[in-house]
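I have placed the structure first, in the form of structure tokens, so that the comments after it can refer back to it.
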Amino acid sequence: MGAIIILASYVIGRIKPTVGMFLNMIFFGLFIDLFMWLKWVPIGETVIVRVVLFAAGLLIYTFGTGMYNIATTRVGTA
């Protein structure tokens, strides 16, 4: 999936792939696999628990994305 995203960003946005893009793709997958193997990510048994976990994950994800976007836009204006 990461390779498809890198290819699409090159074809659509003309963003040249860098070593960092490929390292990010590899290590992201490895860390997700590690966290799942260590059972750090809870898996809900019922639909309601899965919905609650999904909502919590979505909240954490949006907060992290907002922090990343703020950090990258402020660096360019300093």
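Naming scheme: A, B, ... for chains in displayed order of the structure tokens; residues 1 onward per chain; ligands 1 onward as shown.
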*Step one, run DSSP on the backbone; step two, keep only residues of chain A assigned to helix (DSSP H, G or I); then write them as a VMD selection string.*
chain A and resid 2 to 13 19 to 37 47 to 77
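Distance-wise, atom CA of Ala8 of chain A and atom CA of Phe27 of chain A end up 19.7 Å apart.
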*Can you tell me how far atom CA of Phe28 of chain A sits from atom CA of Pro42 of chain A, in Å to one decimal?*
18.4 Å
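For Ala3 of chain A, the non-local neighbours within 9 Å, defined as residues at least 3 positions apart in the same chain or in other chains and counting only C-alpha atoms, are A:Ile6, A:Leu7, A:Ala8, A:Phe22, A:Met25.
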Written file, previous selection with C-alpha atoms, as a JSON list (two decimals), in the first residue's frame:
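Full text of selection.json as output:
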```json
[["chain", "number", "residue", "atom", "x", "y", "z"],
["A", 6, "ILE", "CA", 4.44, 6.84, -3.23],
["A", 7, "LEU", "CA", 3.79, 6.01, -6.88],
["A", 8, "ALA", "CA", 0.51, 7.95, -6.89],
["A", 22, "PHE", "CA", 10.66, 4.38, 1.64],
["A", 25, "MET", "CA", 6.83, 2.99, 4.51]]
```
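Atom CA of Phe63 of chain A sits 21.4 Å away from atom CA of Ile43 of chain A.
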*Select, from A:Val51, A:Ala71, A:Ile4, A:Leu34, the residue with the minimum atom-to-atom distance to Met21 of chain A, counting only C-alpha atoms.*
A:Ile4
